[in-house]
file my_file.txt (compact mmCIF, C-alpha atoms and all ligand atoms)
# COMPACT_ATOMS: atom_id res chain seq x y z
CA MET A 1288 31.76 131.91 163.55
CA ASN A 1289 33.27 129.82 160.79
CA ASN A 1290 37.04 130.01 160.97
CA HIS A 1291 37.63 128.23 157.69
CA ILE A 1292 40.32 129.80 155.53
CA ASP A 1293 40.65 128.91 151.86
CA ARG A 1294 44.24 128.02 151.14
CA ILE A 1295 46.30 127.66 148.02
CA SER A 1296 49.23 125.27 147.66
CA THR A 1297 52.78 126.64 147.80
CA GLY A 1298 53.67 123.93 145.26
CA ILE A 1299 56.55 122.79 147.43
CA PRO A 1300 56.22 119.20 148.60
CA GLY A 1301 55.92 119.15 152.39
CA LEU A 1302 55.60 122.90 152.89
CA ASP A 1303 51.80 123.04 152.78
CA THR A 1304 51.44 120.66 155.73
CA ARG A 1305 53.68 122.99 157.73
CA LEU A 1306 51.49 125.98 156.88
CA ASP A 1307 48.05 124.62 157.80
CA GLY A 1308 47.49 123.73 154.13
CA GLY A 1309 49.22 126.53 152.21
CA TYR A 1310 48.98 130.28 151.69
CA PRO A 1311 45.71 131.98 152.67
CA GLN A 1312 44.07 132.40 149.27
CA GLY A 1313 43.58 135.87 147.74
CA GLU A 1314 46.36 137.48 149.78
CA SER A 1315 49.86 138.72 148.96
CA PHE A 1316 53.12 137.17 150.08
CA LEU A 1317 56.77 138.14 150.04
CA VAL A 1318 59.75 135.90 149.34
CA THR A 1319 63.13 137.42 150.15
CA GLY A 1320 66.68 136.12 150.11
CA THR A 1321 70.21 136.94 149.08
CA GLN A 1322 71.51 136.11 145.62
CA GLY A 1323 71.13 132.50 144.53
CA THR A 1324 69.13 131.35 147.55
CA GLY A 1325 66.36 129.89 145.36
CA LYS A 1326 63.76 132.70 145.22
CA THR A 1327 62.95 132.25 141.55
CA ILE A 1328 62.72 128.47 141.86
CA PHE A 1329 60.46 128.91 144.91
CA GLY A 1330 58.17 131.06 142.75
CA LEU A 1331 58.26 128.57 139.86
CA HIS A 1332 56.96 125.81 142.16
CA PHE A 1333 53.98 127.99 143.09
CA LEU A 1334 53.36 128.85 139.46
CA GLU A 1335 53.54 125.25 138.23
CA LYS A 1336 51.16 124.02 140.92
CA ALA A 1337 48.68 126.84 140.34
CA CYS A 1338 48.66 126.27 136.56
CA SER A 1339 48.25 122.53 137.10
CA ASN A 1340 45.19 123.36 139.23
CA ASN A 1341 43.73 125.37 136.33
CA LYS A 1342 44.37 128.78 137.88
CA ARG A 1343 44.95 131.71 135.55
CA CYS A 1344 48.49 132.81 136.21
CA VAL A 1345 50.78 135.71 135.37
CA LEU A 1346 54.54 135.77 135.84
CA ILE A 1347 56.14 139.19 135.68
CA ALA A 1348 59.84 138.74 135.02
CA THR A 1349 61.70 141.94 135.85
CA GLU A 1350 65.27 140.66 135.90
CA GLU A 1351 65.46 137.63 133.62
CA MET A 1352 64.41 136.78 130.09
CA PRO A 1353 61.21 134.70 130.05
CA TYR A 1354 62.83 131.94 127.97
CA ASN A 1355 65.45 131.43 130.67
CA LEU A 1356 62.72 131.04 133.28
CA VAL A 1357 60.95 128.52 131.04
CA LYS A 1358 64.25 126.65 130.68
CA GLN A 1359 64.87 126.69 134.43
CA ALA A 1360 61.36 125.36 135.06
CA ASN A 1361 61.83 122.65 132.42
CA MET A 1362 64.84 121.33 134.32
CA PHE A 1363 62.46 120.36 137.13
CA GLY A 1364 59.81 118.93 134.81
CA PHE A 1365 57.57 122.03 134.99
CA ASP A 1366 56.09 122.53 131.53
CA LEU A 1367 55.50 126.29 131.52
CA MET A 1368 55.39 126.34 127.71
CA GLY A 1369 52.46 123.91 127.86
CA HIS A 1370 50.65 126.23 130.31
CA ILE A 1371 51.31 129.21 128.04
CA GLU A 1372 49.95 127.28 125.06
CA SER A 1373 46.84 126.21 126.99
CA GLY A 1374 46.19 129.90 127.78
CA LEU A 1375 46.58 129.56 131.55
CA LEU A 1376 49.91 131.34 131.84
CA GLN A 1377 51.22 134.70 130.67
CA ILE A 1378 54.85 135.66 131.15
CA ASN A 1379 55.47 139.38 130.81
CA ARG A 1380 58.61 140.87 129.38
CA VAL A 1381 59.19 143.63 131.88
CA TYR A 1382 62.93 142.89 131.96
CA GLU A 1383 63.22 143.77 128.27
CA GLN A 1384 61.09 146.86 128.75
CA ARG A 1385 63.36 148.08 131.53
CA THR A 1386 66.54 147.52 129.57
CA ASN A 1387 65.04 148.92 126.35
CA TYR A 1388 64.17 152.08 128.25
CA VAL A 1389 67.78 152.44 129.40
CA ARG A 1390 69.07 151.68 125.89
CA ASN A 1391 66.81 154.37 124.50
CA LYS A 1392 67.81 156.87 127.13
CA THR A 1393 71.54 156.33 126.78
CA GLY A 1394 71.77 155.71 123.04
CA LYS A 1395 70.92 157.50 119.83
CA MET A 1396 67.42 156.04 119.85
CA TYR A 1397 66.24 158.36 122.63
CA ASP A 1398 62.46 158.63 122.59
CA PRO A 1399 61.17 161.13 125.18
CA THR A 1400 57.68 159.64 125.00
CA LYS A 1401 58.93 156.38 126.52
CA ARG A 1402 58.29 156.48 130.23
CA GLU A 1403 60.26 154.53 132.78
CA ILE A 1404 58.22 151.64 134.16
CA GLY A 1405 57.50 151.82 137.90
CA LEU A 1406 56.29 149.44 140.60
CA MET A 1407 52.61 150.31 140.30
CA ASP A 1408 52.70 149.98 136.49
CA LEU A 1409 53.05 146.24 137.07
CA LEU A 1410 49.34 146.16 137.88
CA ASP A 1411 48.67 146.85 134.19
CA TYR A 1412 50.25 143.49 133.37
CA ILE A 1413 47.91 141.58 135.68
CA PRO A 1414 44.48 141.13 134.05
CA ALA A 1415 41.52 141.44 136.41
CA SER A 1416 40.71 137.74 136.05
CA THR A 1417 44.16 136.59 137.24
CA ASP A 1418 44.09 134.01 140.06
CA VAL A 1419 47.83 133.93 140.76
CA ALA A 1420 50.50 136.56 140.07
CA ILE A 1421 54.22 136.23 140.67
CA ILE A 1422 56.51 139.22 140.41
CA ASP A 1423 60.21 138.37 140.27
CA ASN A 1424 61.80 140.71 141.48
CA ILE A 1425 60.28 143.96 142.79
CA GLY A 1426 63.67 145.08 144.13
CA VAL A 1427 64.59 146.60 140.76
CA PHE A 1428 61.82 149.19 141.25
CA THR A 1429 62.33 149.93 144.91
CA LEU A 1430 66.06 150.67 145.13
CA GLU A 1431 65.59 154.41 145.39
CA MET A 1432 62.26 154.44 147.18
CA THR A 1433 61.89 155.71 150.70
CA PRO A 1434 60.38 153.14 153.06
CA ARG A 1435 57.26 155.35 153.20
CA GLU A 1436 56.89 155.40 149.41
CA LEU A 1437 57.40 151.65 149.18
CA ARG A 1438 54.88 151.00 151.94
CA ASP A 1439 52.23 153.20 150.34
CA LYS A 1440 52.69 151.74 146.86
CA LEU A 1441 52.88 148.14 148.00
CA ASP A 1442 49.84 148.51 150.28
CA THR A 1443 47.88 149.96 147.37
CA MET A 1444 48.91 147.19 144.97
CA ILE A 1445 48.11 144.54 147.55
CA GLN A 1446 44.71 146.08 148.21
CA ILE A 1447 43.87 146.17 144.49
CA LEU A 1448 44.98 142.55 144.03
CA ALA A 1449 42.95 141.46 147.09
CA GLU A 1450 39.86 143.17 145.63
CA ARG A 1451 40.37 140.97 142.57
CA ASN A 1452 40.86 137.87 144.75
CA CYS A 1453 44.31 137.42 143.22
CA THR A 1454 46.94 135.57 145.26
CA ALA A 1455 50.28 137.29 144.66
CA LEU A 1456 53.85 136.32 145.38
CA PHE A 1457 56.26 139.25 145.44
CA ILE A 1458 59.90 138.25 145.21
CA MET A 1459 62.44 140.76 146.54
CA ASP A 1460 66.20 140.55 146.93
CA ASP A 1461 67.58 140.98 150.45
CA ALA A 1462 69.78 143.90 149.36
CA THR A 1463 66.85 146.19 148.55
CA HIS A 1464 64.76 144.68 151.34
CA GLU A 1465 67.41 145.83 153.82
CA ILE A 1466 67.78 149.27 152.24
CA THR A 1467 64.04 149.76 152.76
CA HIS A 1468 64.27 148.58 156.40
CA ASN A 1469 62.34 145.36 155.63
CA ILE A 1470 59.23 147.52 155.42
CA ALA A 1471 57.60 145.27 152.79
CA ASP A 1472 57.27 142.54 155.42
CA TYR A 1473 54.57 144.59 157.13
CA SER A 1474 52.43 145.04 154.03
CA VAL A 1475 52.05 141.37 153.16
CA CYS A 1476 50.00 138.55 154.68
CA GLY A 1477 53.03 136.28 154.80
CA SER A 1478 56.76 136.60 154.46
CA ILE A 1479 59.32 133.89 153.74
CA ASN A 1480 63.08 134.28 153.78
CA LEU A 1481 65.41 131.92 151.95
CA MET A 1482 68.99 131.70 153.15
CA MET A 1483 72.29 129.92 152.66
CA LYS A 1484 74.61 129.27 155.58
CA ASP A 1485 78.12 127.84 155.78
CA ASN A 1486 78.42 124.81 158.02
CA PRO A 1487 82.02 124.96 159.27
CA GLU A 1488 81.82 121.40 160.65
CA ASN A 1489 81.31 119.68 157.31
CA LEU A 1490 82.28 122.58 155.02
CA GLN A 1491 78.87 122.38 153.34
CA ILE A 1492 76.77 125.32 152.28
CA GLU A 1493 73.26 124.62 153.47
CA ARG A 1494 69.95 126.06 152.30
CA PHE A 1495 67.13 127.02 154.68
CA ILE A 1496 63.59 128.37 154.52
CA LYS A 1497 62.49 130.64 157.34
CA ILE A 1498 58.83 131.56 157.68
CA ILE A 1499 58.98 135.10 159.03
CA LYS A 1500 55.21 135.40 159.34
CA MET A 1501 51.98 133.99 157.92
CA ARG A 1502 48.82 135.65 159.17
CA ARG A 1503 46.04 133.35 160.43
CA THR A 1504 48.44 130.42 160.20
CA CYS A 1505 50.44 128.40 162.66
CA ILE A 1506 54.03 128.58 161.45
CA PRO A 1507 56.98 126.29 162.13
CA MET A 1508 59.33 128.00 164.58
CA LYS A 1509 62.29 126.22 163.04
CA LEU A 1510 64.48 126.77 160.02
CA MET A 1511 63.57 124.21 157.37
CA LYS A 1512 66.55 122.76 155.56
CA PHE A 1513 66.19 122.13 151.84
CA ASN A 1514 68.12 121.15 148.75
CA ILE A 1515 67.63 121.99 145.12
CA THR A 1516 67.45 118.70 143.25
CA PRO A 1517 66.46 117.63 139.72
CA LYS A 1518 62.87 117.88 140.98
CA GLY A 1519 63.34 121.36 142.40
CA ILE A 1520 63.08 122.36 146.06
CA ASN A 1521 63.25 119.33 148.29
CA LEU A 1522 62.56 119.85 152.00
CA GLU A 1523 64.34 117.62 154.45
CA ASN A 1524 61.86 115.62 156.57
CA PRO A 1525 58.86 116.74 154.47
CA LEU A 1526 56.42 114.41 156.19
CA GLN A 1527 57.01 115.81 159.63
CA PRO A 1528 54.34 118.47 160.28
CA LEU A 1529 55.47 121.14 162.70
CA TYR A 1530 52.11 122.23 164.10
CA CYS A 1531 51.90 124.52 167.11
CA PRO A 1532 50.65 122.20 169.83
CA ASN A 1533 48.30 124.71 171.44
CA VAL A 1534 46.66 126.42 168.56
CA TYR A 1535 43.80 123.93 168.18
CA ASN A 1536 43.09 123.74 171.92
CA LEU A 1537 42.19 127.36 172.54
N1 LIG B 1601 68.67 121.97 137.82
C1 LIG B 1601 69.22 122.33 138.98
N2 LIG B 1601 69.64 121.40 139.85
C2 LIG B 1601 70.18 121.77 141.04
N3 LIG B 1601 70.32 123.03 141.44
C3 LIG B 1601 69.91 123.98 140.62
C4 LIG B 1601 69.33 123.69 139.35
N4 LIG B 1601 69.01 124.85 138.75
C5 LIG B 1601 69.36 125.83 139.60
N5 LIG B 1601 69.90 125.31 140.72
C6 LIG B 1601 70.41 126.06 141.89
O1 LIG B 1601 69.51 127.08 142.25
C7 LIG B 1601 70.26 128.25 142.55
C8 LIG B 1601 69.55 129.53 142.28
O2 LIG B 1601 68.22 129.44 142.24
P1 LIG B 1601 67.37 130.75 141.89
O3 LIG B 1601 67.68 131.27 140.54
O4 LIG B 1601 65.97 130.41 142.22
O5 LIG B 1601 67.94 131.78 142.98
P2 LIG B 1601 67.53 133.29 143.18
O6 LIG B 1601 67.47 133.50 144.64
O7 LIG B 1601 66.33 133.60 142.38
O8 LIG B 1601 68.81 134.03 142.56
P3 LIG B 1601 68.94 135.56 142.04
O9 LIG B 1601 69.31 136.34 143.25
O10 LIG B 1601 70.01 135.50 141.01
O11 LIG B 1601 67.62 135.96 141.47
C9 LIG B 1601 71.43 128.21 141.61
O12 LIG B 1601 72.49 128.98 142.10
C10 LIG B 1601 71.72 126.74 141.55
O13 LIG B 1601 72.63 126.44 142.56
MG MG B 1602 65.94 135.01 140.89

call {"tool": "encode", "arguments": {"input": "my_file.txt", "output": "structure tokens"}}
result
Amino acid sequence: MNNHIDRISTGIPGLDTRLDGGYPQGESFLVTGTQGTGKTIFGLHFLEKACSNNKRCVLIATEEMPYNLVKQANMFGFDLMGHIESGLLQINRVYEQRTNYVRNKTGKMYDPTKREIGLMDLLDYIPASTDVAIIDNIGVFTLEMTPRELRDKLDTMIQILAERNCTALFIMDDATHEITHNIADYSVCGSINLMMKDNPENLQIERFIKIIKMRRTCIPMKLMKFNITPKGINLENPLQPLYCPNVYNL
């Protein structure tokens, strides 16, 4: 039996070599973390790399204006505007739709025909031919969901995306992840947690990536320290692969 797995780059220098070459292609992944841990920037790396490799990409921005994401990406030299202009990238304005709905509901402009957008509606923003989809952040839709409801909806979305061979990165804030008992971790092929920790010895706040799981992949059993630099996420010791010693000798 051929055990080859097609992989797609995470876009983060040094991370692919620690994940047997990247994410298993055509699957869905979760990135979680508390506020400001770098979730959006992590997603922008994936997006930039995928667009540069001529993949058709969609970014669904549920909590930030698209122009701010373009600006953030520009700071690291990622030309999202260029990818939009070349037709490879679509950024959807779900954030504005959410807030417009609330404005309508609470103001004089109430329009009863306007329906509140839900998690599964996001599928409508991902054309069937999409290679890579990034949703930042699904937490805004899952705050009041029961873990059962979230599991069912996420499993269904993931199944539909897999049928389309779309690789998807779901970003979710730790607050809603915890409220839903981390249930989303079980639905996805891989889960990555970003964290910040205080180092009382040097009074620094340090950033870490923790690979919670990655199916069919040997994962580093170590926190990976990183910084956010003018080039984006920069792993410490990027050239040091952390392969499981036994996995190839079975
Ligand atoms: N150009 C830059 N150079 C260095 N650090 C930066 C730069 N731009 C952003 N950062 C750092 O990245 C951090 C946040 O990154 P990001 O927006 O990806 O976090 P997040 O986890 O998505 O946050 P949120 O919970 O608000 O969505 C900022 O707080 C800032 O410290
Ligand atoms: Mg963010």

call {"tool": "closest_atom_pairs", "arguments": {"input": "my_file.txt", "of": "chain A", "to": "ligand MG 1602 (chain B)", "cutoff": "10 Å", "atoms": "all atoms listed in the file", "output": "JSON lines"}}
result
{"residue": "A:Thr1319", "atom": "CA", "partner": "B:MG1602", "partner_atom": "MG", "distance": 10.0}
{"residue": "A:Gly1320", "atom": "CA", "partner": "B:MG1602", "partner_atom": "MG", "distance": 9.3}
{"residue": "A:Thr1321", "atom": "CA", "partner": "B:MG1602", "partner_atom": "MG", "distance": 9.4}
{"residue": "A:Gln1322", "atom": "CA", "partner": "B:MG1602", "partner_atom": "MG", "distance": 7.4}
{"residue": "A:Gly1323", "atom": "CA", "partner": "B:MG1602", "partner_atom": "MG", "distance": 6.8}
{"residue": "A:Thr1324", "atom": "CA", "partner": "B:MG1602", "partner_atom": "MG", "distance": 8.2}
{"residue": "A:Gly1325", "atom": "CA", "partner": "B:MG1602", "partner_atom": "MG", "distance": 6.8}
{"residue": "A:Lys1326", "atom": "CA", "partner": "B:MG1602", "partner_atom": "MG", "distance": 5.4}
{"residue": "A:Thr1327", "atom": "CA", "partner": "B:MG1602", "partner_atom": "MG", "distance": 4.1}
{"residue": "A:Ile1328", "atom": "CA", "partner": "B:MG1602", "partner_atom": "MG", "distance": 7.4}
{"residue": "A:Phe1329", "atom": "CA", "partner": "B:MG1602", "partner_atom": "MG", "distance": 9.1}
{"residue": "A:Gly1330", "atom": "CA", "partner": "B:MG1602", "partner_atom": "MG", "distance": 8.9}
{"residue": "A:Ala1348", "atom": "CA", "partner": "B:MG1602", "partner_atom": "MG", "distance": 9.3}
{"residue": "A:Thr1349", "atom": "CA", "partner": "B:MG1602", "partner_atom": "MG", "distance": 9.6}
{"residue": "A:Glu1350", "atom": "CA", "partner": "B:MG1602", "partner_atom": "MG", "distance": 7.6}
{"residue": "A:Glu1351", "atom": "CA", "partner": "B:MG1602", "partner_atom": "MG", "distance": 7.7}
{"residue": "A:Leu1356", "atom": "CA", "partner": "B:MG1602", "partner_atom": "MG", "distance": 9.2}
{"residue": "A:Asp1423", "atom": "CA", "partner": "B:MG1602", "partner_atom": "MG", "distance": 6.7}
{"residue": "A:Asn1424", "atom": "CA", "partner": "B:MG1602", "partner_atom": "MG", "distance": 7.1}
{"residue": "A:Ile1458", "atom": "CA", "partner": "B:MG1602", "partner_atom": "MG", "distance": 8.1}
{"residue": "A:Met1459", "atom": "CA", "partner": "B:MG1602", "partner_atom": "MG", "distance": 8.8}
{"residue": "A:Asp1460", "atom": "CA", "partner": "B:MG1602", "partner_atom": "MG", "distance": 8.2}

call {"tool": "closest_residue", "arguments": {"input": "my_file.txt", "among": "A:Pro1434, A:Asn1379, A:Val1345, A:Cys1338", "to": "Pro1414 (chain A)", "atoms": "all atoms listed in the file"}}
result
A:Val1345

call {"tool": "atom_distance", "arguments": {"input": "my_file.txt", "atom1": "atom O4 of ligand LIG 1601 (chain B)", "atom2": "CA of Leu1331 (chain A)"}}
result
8.3 Å

call {"tool": "residues_around", "arguments": {"input": "my_file.txt", "residues": "region 1510-1519 of chain A", "least_positions_apart": "2", "cutoff": "10 Å", "atoms": "all atoms listed in the file", "output": "count of residues only"}}
result
34

call {"tool": "atom_distance", "arguments": {"input": "my_file.txt", "atom1": "CA of Ile1413 (chain A)", "atom2": "atom N3 of ligand LIG 1601 (chain B)"}}
result
29.7 Å

call {"tool": "axis_aligned_box", "arguments": {"input": "my_file.txt", "around": "ligand LIG 1601 (chain B)", "padding_each_side": "8 Å", "output": "JSON"}}
result
{"center_x": 69.3, "center_y": 128.9, "center_z": 141.2, "size_x": 22.7, "size_y": 30.9, "size_z": 22.8}

call {"tool": "atom_distance", "arguments": {"input": "my_file.txt", "atom1": "atom O9 of ligand LIG 1601 (chain B)", "atom2": "CA of Asn1387 (chain A)"}}
result
21.5 Å

call {"tool": "closest_residue", "arguments": {"input": "my_file.txt", "among": "A:Asp1418, A:Asp1485, A:Glu1403, A:Glu1450", "to": "Leu1346 (chain A)", "atoms": "only C-alpha atoms"}}
result
A:Asp1418

call {"tool": "closest_residue", "arguments": {"input": "my_file.txt", "among": "A:Ile1466, A:Leu1490, A:Met1368, A:Ile1347", "to": "Asp1411 (chain A)", "atoms": "only C-alpha atoms"}}
result
A:Ile1347

call {"tool": "closest_residue", "arguments": {"input": "my_file.txt", "among": "A:Gln1384, A:Thr1504, A:Asn1289, A:Asn1355", "to": "ligand LIG 1601 (chain B)", "atoms": "all atoms listed in the file"}}
result
A:Asn1355

call {"tool": "residues_around", "arguments": {"input": "my_file.txt", "residues": "Met1432 (chain A)", "least_positions_apart": "5", "cutoff": "12 Å", "atoms": "all atoms listed in the file", "output": "JSON, numbers by chain"}}
result
{"A": [1405, 1406, 1425, 1426, 1427, 1437, 1438, 1439, 1440, 1441, 1463, 1464, 1466, 1467, 1468, 1470, 1471]}

call {"tool": "closest_residue", "arguments": {"input": "my_file.txt", "among": "A:Lys1336, A:Arg1343, A:Arg1380, A:Val1318", "to": "Ile1295 (chain A)", "atoms": "only C-alpha atoms"}}
result
A:Lys1336
